[in-house]
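One file, input07.txt, is given below (compact mmCIF, C-alpha atoms).
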# COMPACT_ATOMS: atom_id res chain seq x y z
CA MET D 1 -44.25 46.39 49.77
CA LEU D 2 -40.53 45.66 49.56
CA GLY D 3 -41.15 41.93 49.44
CA ARG D 4 -43.52 42.46 46.49
CA LEU D 5 -40.96 44.68 44.81
CA LEU D 6 -38.27 42.03 45.12
CA LYS D 7 -40.66 39.44 43.78
CA ASP D 8 -41.17 41.65 40.73
CA ILE D 9 -37.44 42.15 40.39
CA PHE D 10 -36.37 38.56 40.69
CA GLY D 11 -39.49 36.75 39.59
CA ALA D 12 -38.81 34.45 42.52
CA ARG D 13 -39.30 34.36 46.26
CA VAL D 14 -36.32 35.73 48.16
CA GLY D 15 -37.94 36.20 51.54
CA PRO D 16 -38.50 33.66 54.34
CA ALA D 17 -39.69 30.25 53.21
CA ALA D 18 -43.02 28.85 54.33
CA GLY D 19 -42.92 26.05 56.87
CA PRO D 20 -39.67 25.47 58.76
CA ALA D 21 -37.57 28.46 59.69
CA ALA D 22 -35.65 29.77 56.71
CA PRO D 23 -31.86 30.12 56.79
CA PRO D 24 -30.42 33.61 57.35
CA GLU D 25 -30.78 36.00 54.45
CA PRO D 26 -27.48 36.34 52.55
CA PRO D 27 -25.81 39.76 52.56
CA ALA D 28 -26.17 39.78 48.76
CA VAL D 29 -29.96 39.76 49.03
CA GLN D 30 -29.90 42.46 51.70
CA ARG D 31 -27.78 44.62 49.40
CA LEU D 32 -30.10 44.05 46.45
CA ARG D 33 -33.11 45.00 48.57
CA LYS D 34 -31.44 48.32 49.35
CA ILE D 35 -30.52 49.03 45.72
CA ALA D 36 -33.95 48.00 44.45
CA ALA D 37 -35.69 50.35 46.85
CA ALA D 38 -33.42 53.25 45.85
CA HIS D 39 -33.84 52.65 42.11
CA SER D 40 -37.61 52.42 42.40
CA ARG D 41 -37.64 56.04 43.62
CA ALA D 42 -35.04 57.44 41.19
CA PRO D 43 -35.77 59.26 37.86
CA LEU D 44 -34.29 56.43 35.78
CA ASP D 45 -35.29 57.88 32.39
CA ARG D 46 -33.27 61.01 33.11
CA HIS D 47 -30.27 58.94 34.19
CA LEU D 48 -30.53 56.90 30.99
CA ALA D 49 -30.62 60.02 28.84
CA ILE D 50 -27.55 61.49 30.54
CA LEU D 51 -25.53 58.28 30.52
CA PHE D 52 -26.50 56.75 27.19
CA GLY D 53 -28.26 59.41 25.13
CA ALA D 54 -25.27 59.73 22.80
CA ALA D 55 -23.77 56.26 23.40
CA PRO D 56 -23.19 54.29 20.20
CA ALA D 57 -24.03 50.65 19.51
CA GLY D 58 -22.23 50.09 16.24
CA ARG D 59 -23.69 52.87 14.11
CA ARG D 60 -26.92 53.08 16.07
CA GLY D 61 -27.78 54.71 19.35
CA LEU D 62 -27.58 52.38 22.32
CA LEU D 63 -30.87 53.52 23.90
CA GLU D 64 -32.80 53.09 20.66
CA LEU D 65 -31.25 49.71 19.95
CA THR D 66 -31.80 48.29 23.43
CA ALA D 67 -35.39 49.56 23.59
CA GLU D 68 -36.12 47.86 20.27
CA VAL D 69 -34.50 44.59 21.37
CA LEU D 70 -36.27 44.50 24.73
CA ASP D 71 -39.61 45.13 23.06
CA ARG D 72 -39.04 42.49 20.38
CA THR D 73 -38.06 39.81 22.89
CA GLY D 74 -40.71 40.78 25.43
CA SER D 75 -38.03 41.35 28.06
CA ALA D 76 -38.97 43.46 31.07
CA LEU D 77 -36.29 45.30 33.03
CA PRO D 78 -37.01 45.89 36.71
CA PRO D 79 -35.63 49.14 38.24
CA LEU D 80 -32.72 47.20 39.73
CA LYS D 81 -31.36 46.36 36.26
CA VAL D 82 -32.34 49.35 34.11
CA LEU D 83 -28.93 51.05 34.28
CA GLN D 84 -26.76 47.95 34.65
CA ARG D 85 -28.31 46.36 31.57
CA ARG D 86 -27.33 49.27 29.32
CA PHE D 87 -23.76 49.32 30.60
CA SER D 88 -23.38 45.55 30.19
CA THR D 89 -24.97 45.56 26.72
CA GLN D 90 -22.64 48.33 25.57
CA THR D 91 -19.67 46.31 26.82
CA LEU D 92 -20.91 43.14 25.16
CA ILE D 93 -21.40 44.88 21.83
CA ALA D 94 -17.88 46.35 21.96
CA TYR D 95 -16.28 42.93 22.42
CA PHE D 96 -18.52 41.35 19.78
CA LEU D 97 -17.67 43.98 17.16
CA HIS D 98 -14.00 43.47 18.04
CA ALA D 99 -14.40 39.70 17.58
CA ARG D 100 -15.94 40.18 14.15
CA THR D 101 -12.55 41.45 12.93
CA LEU D 102 -11.06 38.04 13.80
CA PRO D 103 -11.51 34.58 12.30
CA GLY D 104 -13.81 32.24 14.19
CA ARG D 105 -17.43 31.77 15.19
CA TRP D 106 -19.38 33.34 18.04
CA ALA D 107 -21.46 31.82 20.81
CA GLU D 108 -23.77 32.78 23.63
CA CYS D 109 -24.38 30.21 26.36
CA GLY D 110 -27.41 31.16 28.41
CA VAL D 111 -29.84 32.89 26.05
CA PHE D 112 -33.03 33.30 28.12
CA SER D 113 -35.32 35.61 26.07
CA GLY D 114 -32.59 36.37 23.51
CA ALA D 115 -32.25 40.10 24.24
CA SER D 116 -28.44 40.12 24.52
CA SER D 117 -27.87 38.14 21.33
CA LEU D 118 -30.44 40.15 19.41
CA ALA D 119 -28.62 43.33 20.49
CA LEU D 120 -25.38 41.86 19.12
CA CYS D 121 -27.08 41.06 15.82
CA ALA D 122 -28.61 44.52 15.54
CA ALA D 123 -25.27 46.20 16.26
CA ALA D 124 -23.49 43.99 13.73
CA ARG D 125 -26.07 44.80 11.07
CA SER D 126 -25.60 48.52 11.75
CA VAL D 127 -22.02 48.20 10.49
CA ASP D 128 -22.68 45.44 7.92
CA SER D 129 -26.09 45.57 6.22
CA ALA D 130 -25.60 42.02 4.91
CA PHE D 131 -25.20 40.49 8.38
CA ASP D 132 -27.83 37.76 8.84
CA GLY D 133 -26.52 36.12 12.02
CA ALA D 134 -24.48 33.42 10.30
CA GLY D 135 -21.70 32.25 12.60
CA LEU D 136 -23.60 33.02 15.82
CA HIS D 137 -24.51 29.94 17.89
CA LEU D 138 -27.01 30.22 20.77
CA VAL D 139 -26.91 27.55 23.47
CA ASP D 140 -29.59 27.11 26.12
CA SER D 141 -31.86 24.45 27.57
CA PHE D 142 -34.72 26.98 27.60
CA GLU D 143 -35.91 24.93 30.61
CA GLY D 144 -34.53 27.33 33.20
CA LEU D 145 -31.77 26.74 35.72
CA GLY D 146 -30.45 23.27 36.34
CA PRO D 147 -29.69 21.89 39.80
CA ALA D 148 -27.31 23.88 41.95
CA HIS D 149 -23.83 22.62 42.82
CA GLU D 150 -22.50 22.91 46.37
CA ARG D 151 -20.21 25.66 45.03
CA ASP D 152 -23.32 27.73 44.28
CA HIS D 153 -24.24 27.91 47.97
CA GLU D 154 -23.31 30.91 50.07
CA SER D 155 -21.97 30.63 53.61
CA VAL D 156 -23.63 32.89 56.19
CA ARG D 157 -23.71 33.02 59.97
CA GLY D 158 -26.88 31.95 61.70
CA GLU D 159 -28.31 33.55 64.82
CA ASN D 160 -26.28 31.19 66.99
CA GLY D 161 -23.08 32.04 65.13
CA ALA D 162 -22.91 28.70 63.35
CA GLU D 163 -22.13 28.57 59.63
CA VAL D 164 -25.16 27.95 57.43
CA LEU D 165 -24.99 27.14 53.72
CA VAL D 166 -27.73 29.04 51.89
CA PRO D 167 -28.83 27.78 48.45
CA PRO D 168 -29.08 30.17 45.48
CA VAL D 169 -31.86 32.74 45.49
CA PHE D 170 -33.07 31.40 42.14
CA ARG D 171 -34.09 27.76 42.23
CA GLU D 172 -34.07 24.96 39.67
CA GLY D 173 -36.37 25.71 36.74
CA HIS D 174 -36.29 29.47 37.19
CA PHE D 175 -35.70 31.46 33.96
CA ARG D 176 -37.62 28.91 31.88
CA THR D 177 -38.71 30.51 28.61
CA ASP D 178 -40.64 29.75 25.44
CA PHE D 179 -38.17 28.45 22.87
CA ALA D 180 -40.48 29.16 19.92
CA LYS D 181 -40.86 32.81 20.97
CA VAL D 182 -37.10 33.21 21.28
CA GLN D 183 -36.59 31.75 17.81
CA ALA D 184 -39.27 34.06 16.39
CA ALA D 185 -37.44 37.12 17.73
CA PHE D 186 -34.55 36.30 15.37
CA ALA D 187 -36.67 36.17 12.21
CA ASP D 188 -34.53 38.91 10.63
CA PHE D 189 -31.37 36.92 11.33
CA PRO D 190 -31.96 33.47 9.79
CA GLY D 191 -28.28 32.57 9.93
CA VAL D 192 -28.33 32.29 13.75
CA GLU D 193 -28.11 28.65 14.90
CA PHE D 194 -29.83 27.42 18.06
CA HIS D 195 -28.59 24.48 20.14
CA LYS D 196 -31.22 23.41 22.65
CA GLY D 197 -29.97 21.29 25.52
CA TRP D 198 -28.21 21.17 28.86
CA ILE D 199 -24.62 22.27 29.28
CA PRO D 200 -22.22 20.48 29.09
CA ASP D 201 -24.10 17.82 27.06
CA VAL D 202 -25.05 20.18 24.26
CA LEU D 203 -21.51 21.57 23.95
CA ALA D 204 -20.39 18.21 22.60
CA THR D 205 -22.85 18.64 19.72
CA LEU D 206 -21.45 21.99 18.56
CA PRO D 207 -19.52 22.03 15.30
CA GLU D 208 -15.81 21.59 15.88
CA ALA D 209 -14.60 25.12 15.24
CA ARG D 210 -12.51 28.01 16.41
CA TRP D 211 -14.28 30.78 18.29
CA SER D 212 -13.53 34.50 18.57
CA PHE D 213 -16.35 35.52 20.94
CA VAL D 214 -18.21 33.67 23.69
CA HIS D 215 -20.75 35.16 26.09
CA VAL D 216 -21.21 32.97 29.17
CA ASP D 217 -24.42 33.82 31.03
CA VAL D 218 -25.38 30.53 32.68
CA ASP D 219 -25.48 31.71 36.31
CA LEU D 220 -24.35 28.55 38.10
CA TYR D 221 -21.00 26.94 38.90
CA ALA D 222 -21.14 23.72 36.86
CA PRO D 223 -22.27 25.14 33.49
CA THR D 224 -19.93 28.16 33.83
CA ARG D 225 -16.97 25.86 34.37
CA ALA D 226 -18.06 23.55 31.54
CA CYS D 227 -18.27 26.49 29.11
CA LEU D 228 -14.80 27.73 30.01
CA GLU D 229 -13.26 24.29 29.74
CA TYR D 230 -14.85 23.81 26.32
CA PHE D 231 -14.24 27.18 24.69
CA LEU D 232 -10.88 28.26 26.11
CA PRO D 233 -8.85 25.70 24.11
CA ARG D 234 -10.79 26.67 20.98
CA LEU D 235 -10.50 30.46 21.37
CA VAL D 236 -8.53 32.24 18.64
CA PRO D 237 -5.74 34.68 19.56
CA GLY D 238 -7.35 38.00 20.41
CA GLY D 239 -10.70 36.32 21.01
CA ALA D 240 -12.89 37.23 23.98
CA ILE D 241 -14.87 35.29 26.56
CA VAL D 242 -17.25 37.43 28.61
CA CYS D 243 -18.81 36.15 31.84
CA ASP D 244 -22.00 38.03 32.66
CA ASP D 245 -22.32 36.70 36.21
CA TYR D 246 -18.83 37.19 37.64
CA GLY D 247 -19.87 40.01 39.94
CA ALA D 248 -23.48 38.92 40.42
CA PRO D 249 -24.10 38.66 44.18
CA THR D 250 -26.92 36.17 43.62
CA PHE D 251 -24.69 33.76 41.66
CA PRO D 252 -21.44 33.25 43.60
CA GLY D 253 -20.84 29.90 41.88
CA ALA D 254 -20.16 31.54 38.52
CA ALA D 255 -17.26 33.58 39.93
CA ARG D 256 -15.90 30.52 41.75
CA ALA D 257 -15.86 28.51 38.54
CA TRP D 258 -14.20 31.37 36.62
CA ASP D 259 -11.55 31.90 39.29
CA GLU D 260 -10.72 28.19 39.50
CA VAL D 261 -10.29 27.75 35.75
CA CYS D 262 -8.26 30.94 35.36
CA GLU D 263 -6.03 30.07 38.32
CA ILE D 264 -5.37 26.54 37.07
CA GLY D 265 -4.51 27.80 33.59
CA GLY D 266 -2.72 30.98 34.65
CA ILE D 267 -5.20 32.93 32.53
CA PRO D 268 -5.33 36.72 33.00
CA PHE D 269 -8.66 38.51 32.93
CA VAL D 270 -10.28 41.79 33.88
CA GLU D 271 -13.35 42.47 35.99
CA LEU D 272 -15.40 45.39 34.70
CA PRO D 273 -17.50 47.80 36.79
CA THR D 274 -20.57 46.10 35.27
CA GLY D 275 -19.69 42.88 37.12
CA GLN D 276 -18.67 41.21 33.87
CA ALA D 277 -15.32 39.43 33.63
CA VAL D 278 -13.45 39.23 30.33
CA ILE D 279 -10.65 37.05 28.99
CA LEU D 280 -8.75 38.23 25.90
CA LYS D 281 -6.62 35.40 24.59
CA GLU D 282 -3.01 36.36 24.14
CA GLY D 283 -0.91 35.41 21.13
Take the structure in this file and express it as structure tokens.
Amino acid sequence: MLGRLLKDIFGARVGPAAGPAAPPEPPAVQRLRKIAAAHSRAPLDRHLAILFGAAPAGRRGLLELTAEVLDRTGSALPPLKVLQRRFSTQTLIAYFLHARTLPGRWAECGVFSGASSLALCAAARSVDSAFDGAGLHLVDSFEGLGPAHERDHESVRGENGAEVLVPPVFREGHFRTDFAKVQAAFADFPGVEFHKGWIPDVLATLPEARWSFVHVDVDLYAPTRACLEYFLPRLVPGGAIVCDDYGAPTFPGAARAWDEVCEIGGIPFVELPTGQAVILKEG
């Protein structure tokens, strides 16, 4: 039962592999199993009403807006992510609306079904009826995850006490999505520009510009680092870069890339209770 639940949550196998003995299960997966089981028994609709019933998203209600966006993009939220997704979306919208008061363009790297970006568009239109998505650039291969870097592996102790490097829970190709369906979800926002390709290759094809908002949701070490190294020098004063995966236990490589770049550059940031990390450029 729990194994089936986790399969529904992750859309991927997280239990023992067939064939040779699987490496030890990472503590992150054990923790997610516990949370998933608890959430599956909880009255989530009541929690949502209490937490977000009056929460704004621009000039709209957050629950209404997110429900509309999830339906339009065909995105399903498993119990594990029902609450976290609303908190993280509310945070993302707040930084995006802040960025719209600054010069510069906006980007999301790691689009998947488009739910996050569509929420940003809907919130922006709620405060500006003429907003058509112009200035928002969406970057994704739409082919799923690329190959993992060694920095994406997690170190655990095997039964004999020896260190074992465990690869990411989600494997290469996971999160593949239908590009045409994602594009269709943005029919009301024709100004949005899509850039289909692998990071960092596709970053070189972006228009040379200044940026006031960047959402980095690419899961793995190498693309997270590539996004930071590309956008940080181009970020306007006051601009924000939000990393969705900083606190994600299933994607330790994203936090490692973020920490390395920020340490090298002496860049301050905050980690939010949602697991997101945010840089606000000084100056």
Between atom CA of D:Val69 and atom CA of D:Phe213 lies a distance of 20.3 Å
Taking (-23.3, 26.7, 37.9) in the coordinates of the supplied file, I want to know which residues reach to within 10 Å of it, counting all atoms listed in the file; could you give the answer as a PyMOL selection string?
chain D and resi 145-152+199+217-226+251-257
Near stretch 27-41 of chain D, counting all atoms listed in the file, which residues have an atom at most 7 Å away, once you skip same-chain residues fewer than 4 positions from it, shown as a compact mmCIF listing (two decimals) with C-alpha atoms, keeping the file's coordinate frame?
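The file below, out29.txt, is the result:
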# COMPACT_ATOMS: atom_id res chain seq x y z
CA LEU D 6 -38.27 42.03 45.12
CA PRO D 79 -35.63 49.14 38.24
CA LEU D 80 -32.72 47.20 39.73
CA PRO D 249 -24.10 38.66 44.18
CA THR D 250 -26.92 36.17 43.62
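Between atom CA of D:Ala248 and atom CA of D:Thr89 the separation is 15.3 Å.
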Can you pull out the residues contacting D:Val192? Cut-off 9 Å, using all atoms listed in the file, and skip same-chain residues under 2 positions away; I want them as a list in words.
Asp132, Gly133, Ala134, Gly135, Leu136, His137, Leu138, Phe186, Phe189, Pro190 and Phe194 of chain D
Go ahead and write the residues just picked, C-alpha atoms, as a PDB file, keeping the file's coordinate frame.
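This is the output file selection_24.pdb:
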ATOM      1  CA  ASP D 132     -27.830  37.760   8.840  1.00  0.00           C
ATOM      2  CA  GLY D 133     -26.520  36.120  12.020  1.00  0.00           C
ATOM      3  CA  ALA D 134     -24.480  33.420  10.300  1.00  0.00           C
ATOM      4  CA  GLY D 135     -21.700  32.250  12.600  1.00  0.00           C
ATOM      5  CA  LEU D 136     -23.600  33.020  15.820  1.00  0.00           C
ATOM      6  CA  HIS D 137     -24.510  29.940  17.890  1.00  0.00           C
ATOM      7  CA  LEU D 138     -27.010  30.220  20.770  1.00  0.00           C
ATOM      8  CA  PHE D 186     -34.550  36.300  15.370  1.00  0.00           C
ATOM      9  CA  PHE D 189     -31.370  36.920  11.330  1.00  0.00           C
ATOM     10  CA  PRO D 190     -31.960  33.470   9.790  1.00  0.00           C
ATOM     11  CA  PHE D 194     -29.830  27.420  18.060  1.00  0.00           C
TER      12      PHE D 194
END
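Relative to atom CA of D:Ala122, atom CA of D:Ala184 is found at 15.0 Å.
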